[in-house]
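A.B. asks: Take this structure first; my questions come after.
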Amino acid sequence: MPENVSAVVERPPRVSAGSEFTPLLRTVKGQGLLDRRQGWYALAIAGNALVLAGIVAGVVLIGHSWWVLLLAPLLAVMSARTAFIGHDAGHSQIAGNRSVNRLIGLGHGNLLLGMSYGWWNDKHNRHHANPNHIHKDPDVVADVLVFTSGQAVDRSGFRRWLTRNQAWLFFPLTLLEGIALKVHGFQDLRRQPPRERAVEGFLLVAHVAGYVTLLLSSMPLGTALAFAALHQALFGLHLGLAFAPNHKGMEMPDGEGWGHLRRQVLTSRNIRGGAVTDWFLGGLNYQIEHHLFPSMPRPHLKLVRPLVRAHCRELGIPYAETGLVDSYRQALRHMYEVGEPLRVE
C-alpha cells in the first residue's frame, strides 16, 4: 500500500457540523440506552404514591396538633418528586404510548400538584428546542427576572429595582414558585382546545378542592394556613434549587447556526454528585445528557454521561460540569452581572 494511502486510512474521519451528533446517537441506540425502563418507573410511581398516602394519613391523624407542620417539608419534597415524574412523562420517558404518558402527566401534574400538564409541556418543549435562546426560549423571556444586559436596560420602576437586586432575591422569589405555577396553569386554560380545557380544568379544580378539604377538615384554620404556606414555599424552593443550576450563566445564542449537539451542550451545565444528588435533583443534574436525549429514561442519564463527555472531548466542545454549590454561585453571579449597569447609575 502506498505511504500516502496509509496516512489517509489512519487519519480520524472529519466530522462536519451537521453530523456531530449522529455518531453519538448511533452508539447510544446501539447500547440500548434509549430503551424505556417501565419497571423502574412503576416502582418509582408506586413508591411516590405510598409516601404521599402516608403523609395524608399523618395529616388526618395529627392535624389538630401544631406538630403536623413537620409534615409540610416532607410533603414539599414529595411534591417535587411528583413533579419530576410529571416531567419525565412529558418527555415520553416512561411509556411508548403518548396517551399513557399524558395520563401519567395529568395525574401527577394537574391532580396531585394543581399544575397544568398541557401548559407546562408546551412551554418546556419550546425551551428544549432552543435552550437559552434569547428570542425563542420562554424560560429566558424578561419577566420578574432578566438574563441579559439588553433586557435589563429597558426595566423601569419596581421591576428596575428587582433587576438591580435579582441575584439576592432569586431564592426568596422561588418561595412563590409553587403558587405561580398553579396560577399559570389556570390562566392557560383559555388557550387550550375545549376538550383538553375541560379535562385539565376539572383536574385542577379537583386538586384545589381536595387540598383545601384535607387541610380544613383535619386542622384549625390557622394551622391549615401555616401548613399550606410552608408546604407551597418549600415546594417552590425545591424546584428552584433543581432548575437554577441547569442553564443560568451558560451560553445564550442569538441566531447562531449551531447543530443539535452544540446547541444543547453549550447552553447546559451538569452537576457532579452521587446518589443523593441524583435523587434530590430528579436526574436533572445530568442536564447535558437530558437535553441531548430528552426521551431517555432517567436512570440511563448517568450511564450515557461518559459517552457524551468523550464525544465532546474528541470534537473540542466544552463540557460544563461543576459541584452543586458552585453551580448556584455561577448562576447567581450571572444574574448579578446582568443587573450591574443598573447599580452604577
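A note on labels: chains of the C-alpha cells are A, B, ... as shown, every chain counts residues from 1, and ligands are counted from 1 in their shown order.
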Excluding range 118-127 of chain A and residues on its chain fewer than 5 positions from it, collect all residues at most 10 Å away from it, counting only C-alpha atoms, and give them as a PyMOL selection string.

C.D. replies: chain A and resi 86-87+89-91+102+105-106+109-110+132-133+136-140+181+184-189+191-192+196-197+200+291+294

A.B. asks: Using DSSP on the backbone coordinates, identify the residues of range 9-200 of chain A assigned to alpha helix (DSSP H); present them as an NGL selection string.

C.D. replies: :A and (9-10 or 22-30 or 38-62 or 71-90 or 98-105 or 112-113 or 117-129 or 149-152 or 157-164 or 166-174 or 177-188 or 194-200)

A.B. asks: Limited to C-alpha atoms, could you put the picked residues into a file as a compact mmCIF listing (two decimals), in the first residue's frame?

C.D. replies:
```txt
# COMPACT_ATOMS: atom_id res chain seq x y z
CA VAL A 9 -6.59 5.38 6.33
CA GLU A 10 -5.13 6.12 9.77
CA THR A 22 -25.04 11.30 14.58
CA PRO A 23 -22.13 9.07 15.73
CA LEU A 24 -23.06 9.62 19.37
CA LEU A 25 -26.73 8.85 18.72
CA ARG A 26 -25.78 5.69 16.88
CA THR A 27 -23.65 4.50 19.81
CA VAL A 28 -26.33 5.31 22.36
CA LYS A 29 -29.01 3.47 20.41
CA GLY A 30 -26.69 0.52 19.95
CA GLN A 38 -41.11 0.81 32.64
CA GLY A 39 -40.38 -1.41 35.64
CA TRP A 40 -38.17 1.26 37.21
CA TYR A 41 -40.84 3.91 36.71
CA ALA A 42 -43.59 1.62 38.00
CA LEU A 43 -41.69 1.23 41.26
CA ALA A 44 -40.94 4.96 41.42
CA ILE A 45 -44.59 5.90 40.87
CA ALA A 46 -45.86 3.32 43.36
CA GLY A 47 -43.31 4.35 45.99
CA ASN A 48 -44.15 8.02 45.50
CA ALA A 49 -47.87 7.31 45.84
CA LEU A 50 -47.35 5.29 49.04
CA VAL A 51 -45.34 8.04 50.71
CA LEU A 52 -47.92 10.67 49.69
CA ALA A 53 -50.68 8.48 51.11
CA GLY A 54 -48.71 8.13 54.34
CA ILE A 55 -48.35 11.91 54.62
CA VAL A 56 -52.08 12.38 54.06
CA ALA A 57 -52.80 9.83 56.78
CA GLY A 58 -50.42 11.65 59.10
CA VAL A 59 -52.17 14.96 58.41
CA VAL A 60 -55.52 13.41 59.28
CA LEU A 61 -54.23 11.75 62.46
CA ILE A 62 -52.26 14.67 63.98
CA LEU A 71 -45.13 17.04 57.66
CA ALA A 72 -45.19 20.14 55.44
CA PRO A 73 -41.47 19.97 54.48
CA LEU A 74 -41.81 16.25 53.77
CA LEU A 75 -44.84 16.94 51.58
CA ALA A 76 -42.85 19.65 49.75
CA VAL A 77 -40.08 17.17 48.98
CA MET A 78 -42.55 14.56 47.77
CA SER A 79 -44.35 17.19 45.69
CA ALA A 80 -41.05 17.80 43.91
CA ARG A 81 -40.71 14.04 43.35
CA THR A 82 -44.19 14.11 41.86
CA ALA A 83 -43.20 16.98 39.58
CA PHE A 84 -40.15 15.04 38.38
CA ILE A 85 -42.36 12.12 37.40
CA GLY A 86 -44.66 14.50 35.50
CA HIS A 87 -41.59 15.98 33.81
CA ASP A 88 -40.44 12.54 32.65
CA ALA A 89 -43.92 11.72 31.37
CA GLY A 90 -43.91 14.94 29.37
CA ARG A 98 -48.38 9.01 24.11
CA SER A 99 -51.78 8.63 25.76
CA VAL A 100 -50.25 6.72 28.69
CA ASN A 101 -47.62 9.40 29.20
CA ARG A 102 -50.30 12.09 29.10
CA LEU A 103 -52.42 10.20 31.62
CA ILE A 104 -49.43 9.95 33.98
CA GLY A 105 -48.65 13.62 33.42
CA LEU A 112 -51.67 15.83 42.59
CA LEU A 113 -49.94 19.22 42.21
CA TYR A 117 -49.58 19.45 32.38
CA GLY A 118 -50.54 20.92 28.99
CA TRP A 119 -49.25 24.39 29.81
CA TRP A 120 -46.00 23.13 31.28
CA ASN A 121 -45.36 20.63 28.49
CA ASP A 122 -45.83 23.23 25.74
CA LYS A 123 -43.54 25.72 27.48
CA HIS A 124 -40.90 23.14 28.37
CA ASN A 125 -40.74 21.67 24.87
CA ARG A 126 -40.12 25.14 23.43
CA HIS A 127 -37.31 25.53 25.94
CA HIS A 128 -35.76 22.23 24.86
CA ALA A 129 -35.92 23.17 21.19
CA SER A 149 -27.98 43.24 29.81
CA GLY A 150 -30.22 44.11 26.87
CA GLN A 151 -33.27 43.05 28.86
CA ALA A 152 -32.04 44.97 31.91
CA GLY A 157 -39.97 51.38 38.30
CA PHE A 158 -40.28 48.42 40.65
CA ARG A 159 -39.00 45.98 38.01
CA ARG A 160 -35.83 48.06 37.71
CA TRP A 161 -35.28 47.64 41.46
CA LEU A 162 -35.88 43.91 41.11
CA THR A 163 -33.27 43.64 38.38
CA ARG A 164 -30.69 45.56 40.41
CA GLN A 166 -32.19 39.94 41.45
CA ALA A 167 -29.18 37.89 42.49
CA TRP A 168 -30.07 38.44 46.15
CA LEU A 169 -33.78 37.96 45.54
CA PHE A 170 -33.62 34.83 43.38
CA PHE A 171 -34.02 32.16 46.05
CA PRO A 172 -36.52 34.17 48.14
CA LEU A 173 -38.60 34.58 44.97
CA THR A 174 -38.63 30.82 44.39
CA GLU A 177 -42.94 29.48 42.53
CA GLY A 178 -45.30 26.76 43.73
CA ILE A 179 -48.23 29.19 43.71
CA ALA A 180 -47.11 30.83 40.45
CA LEU A 181 -47.11 27.51 38.62
CA LYS A 182 -50.71 26.89 39.67
CA VAL A 183 -51.80 30.36 38.57
CA HIS A 184 -50.14 29.97 35.15
CA GLY A 185 -51.93 26.66 34.69
CA PHE A 186 -55.37 28.15 35.28
CA GLN A 187 -54.57 31.11 33.04
CA ASP A 188 -53.51 28.82 30.22
CA PRO A 194 -62.34 22.74 24.53
CA ARG A 195 -61.85 19.04 25.26
CA GLU A 196 -58.40 19.47 26.81
CA ARG A 197 -59.61 22.54 28.70
CA ALA A 198 -62.44 20.54 30.24
CA VAL A 199 -60.17 17.68 31.34
CA GLU A 200 -57.35 19.86 32.64
```
